[in-house]
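See below for the structure under consideration.
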Amino acid sequence: MFWRILGQLFSASRGRLAVALLALASGAAVTTALINLNLDAVRKVSGEFRTLGANVIVGPHANGSAESELINESVLLKLAPALESAHGVAAPYLYSVVTVDAGADQQSKKAQVIVAGSWLDRASQLSPWWKITGRPISDRNDMENCLVGRNVALQLGIQPGSRIVLNYADSAGNRTASLTVAGVIDSGAQEDNQIIANLPVVQKFSGLKDRIGMVQMIIPGTPPEIESAISQLSATVPALEVRAVPQIAQAEASLLPRIRGLIFFMVALILVLTTLCVFASMAALAMERRRDVGLMKAIGGSISRIVRIFFTEAAALGLAGALIGYVAGIFLSRWIGQRAFHVAISARPEVLPIVVALMVIVSLAGALPLRLLGRVRPAEILRGE
């Protein structure tokens, strides 16, 4: 009898219940999408920060002596196992100041420029924002070509295909390197004022064989995972300093809590609005059901049993809305992920019980007006009042 009455109530109030179901399904869809985003927010935002370049640097200690300003290239072999376990990418860097001669007979085409030596196949991975006019260099053993920053190219009047001569002078004498400009870099950063060549080229004309200035890395993961990788790298090379790039680390540390706070605020707001929608629908439904409740009480129905019927109806409504909204929320979260992060947000099965519990609670909270039906007097209903 209980379930038969419940079925009759559903069929008799389809319009009001459909409005409540729509509100619950909509709330569940947005809640599902936001919770999915919250669970993936750290990973996605961290991935976006990795496009900003190196987030970890390995180099000499800041309080070291002048003799320790450079480190041995063999440190890369020591770092390789820890870097591989962290799924990171690394490239060595060596900087030198040279005089660039872009025309033997034109004094105006000579200038002092910073030259960066690196593995150019890895340097492009560490700097994904580079825009190269000409062609990139993908072979780290290429000793004939280099990349030139946009400002240097404008200053010296060179372009892809031009020949330049790098002149380096120190106490051991003068050394030169003749290179072909493979491409011009437009980075909007310090690379615009530099010439970038493969590491062996800079080591050779600087007389610094097997020496590097630092190692730059991109280590993916959340801030705690990056800190763990830094600790592991520090233990591998205790004589060197392994540190996070402060600007990126601080920005990431401050942004992630704000995103999570915003998501939780939006979830709370959606739940409140959904509760109000259900409350309004149930209040109207309570007015319509006064006659039904009066007849139930007149034939001996107890208040607790009648209220239990209505709250079971509300819980079933919340369950149905949660299931419908969960499916819609998966598609919504994927759409948001594509628009905001250009990746698909993966569906999380653990979100379903959370959404079901929230929607059932919201539905029961919104159904509180049905408790007023317990005050209905059968005599007044039977008299038609």
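Numbering starts fresh at 1 for the residues of each chain in the structure tokens, the chains themselves are lettered A, B, ... in the order given, and ligands are numbered from 1 as they appear.
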- 9 Å contact set for stretch 349-359 of chain A, only C-alpha atoms, chain neighbours under 4 positions out, as a PyMOL selection string: chain A and resi 24-25+27-29+31-32+35-36+271+274-275+315+317-323+325-326+363-364
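Atom CA of A:Ile185 to atom CA of A:Glu144 spans 17.3 Å [interatomic distance, one decimal].
You can rank A:Ala86, A:Val184, A:Leu120, A:Ala347 by their closest distance to A:Ser231 using only C-alpha atoms, and at the top of that list sits A:Ala86.
Nearest residue to A:His87, choosing from A:Glu69, A:Ile196, A:Ile219, A:Tyr168 and counting only C-alpha atoms: A:Ile219.
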- Going by DSSP on the backbone, which bits of stretch 117-352 of chain A are strand (DSSP E or B)? Write them as a ChimeraX atom specification, please. /A:117-118,131-134,145-149,163-170,173-186,194-198,211-212,214-218,241-244
Take the selection from the previous step and output its residues with C-alpha atoms, as a compact mmCIF listing (two decimals), in the first residue's frame.
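To be explicit, this is the file written out as out_19.txt:
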```
# COMPACT_ATOMS: atom_id res chain seq x y z
CA GLY A 117 74.95 27.66 -24.75
CA SER A 118 72.43 24.87 -24.21
CA LYS A 131 58.31 32.04 -32.01
CA ILE A 132 61.07 31.25 -34.47
CA THR A 133 61.33 32.87 -37.88
CA GLY A 134 63.40 30.56 -40.02
CA ASN A 145 74.10 27.04 -36.64
CA CYS A 146 72.61 29.24 -33.95
CA LEU A 147 69.45 31.14 -33.03
CA VAL A 148 69.44 34.92 -32.64
CA GLY A 149 67.10 37.02 -30.51
CA ARG A 163 76.73 34.51 -41.19
CA ILE A 164 78.04 35.94 -37.93
CA VAL A 165 81.40 35.68 -36.15
CA LEU A 166 81.61 35.46 -32.37
CA ASN A 167 84.81 36.88 -30.86
CA TYR A 168 85.78 35.97 -27.30
CA ALA A 169 88.86 37.34 -25.57
CA ASP A 170 90.39 36.43 -22.22
CA GLY A 173 93.96 34.83 -26.01
CA ASN A 174 91.27 35.43 -28.60
CA ARG A 175 88.95 32.72 -29.89
CA THR A 176 86.29 32.92 -32.58
CA ALA A 177 83.36 30.90 -33.87
CA SER A 178 81.70 31.40 -37.25
CA LEU A 179 78.01 30.42 -37.26
CA THR A 180 74.99 30.57 -39.55
CA VAL A 181 71.77 32.09 -38.23
CA ALA A 182 69.17 29.33 -38.53
CA GLY A 183 66.32 31.35 -37.06
CA VAL A 184 65.32 34.51 -35.22
CA ILE A 185 63.61 34.11 -31.82
CA ASP A 186 60.73 36.32 -30.72
CA GLN A 194 70.78 36.86 -26.74
CA ILE A 195 72.38 34.52 -29.23
CA ILE A 196 71.66 30.87 -28.45
CA ALA A 197 73.93 28.11 -29.70
CA ASN A 198 74.50 24.49 -28.79
CA ARG A 211 81.70 23.29 -17.70
CA ILE A 212 78.19 24.70 -17.35
CA MET A 214 73.33 25.95 -14.34
CA VAL A 215 70.72 23.34 -15.16
CA GLN A 216 67.15 24.46 -15.80
CA MET A 217 64.31 21.97 -15.37
CA ILE A 218 60.60 21.56 -15.84
CA GLU A 241 71.75 24.26 -4.75
CA VAL A 242 68.43 22.99 -6.09
CA ARG A 243 65.71 25.63 -5.86
CA ALA A 244 62.33 26.42 -7.34
```
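Nearest residue to A:Lys109, choosing from A:Ile158, A:Ile71, A:Glu84, A:Ser124 and counting only C-alpha atoms: A:Ile158.
Atom CA of A:Thr312 is found 12.8 Å from atom CA of A:Gly366.
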- Message: Which residue is closest to A:Ala33? Choose from A:Leu332, A:Ile361, A:Val89, A:Ala367 and count only C-alpha atoms.
- Response: A:Leu332
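Taking atom CA of A:Ser138 and atom CA of A:Ser187 as the two end points, the separation is 17.7 Å.
Residue nearest A:Leu17, chosen from A:Trp130, A:Tyr95, A:Trp119, A:Phe310 and counting only C-alpha atoms: A:Phe310.
Closest approach to A:Arg334 from the set A:Leu269, A:Leu34, A:Val237, A:Leu22 is made by A:Leu34, with distances taken over only C-alpha atoms.
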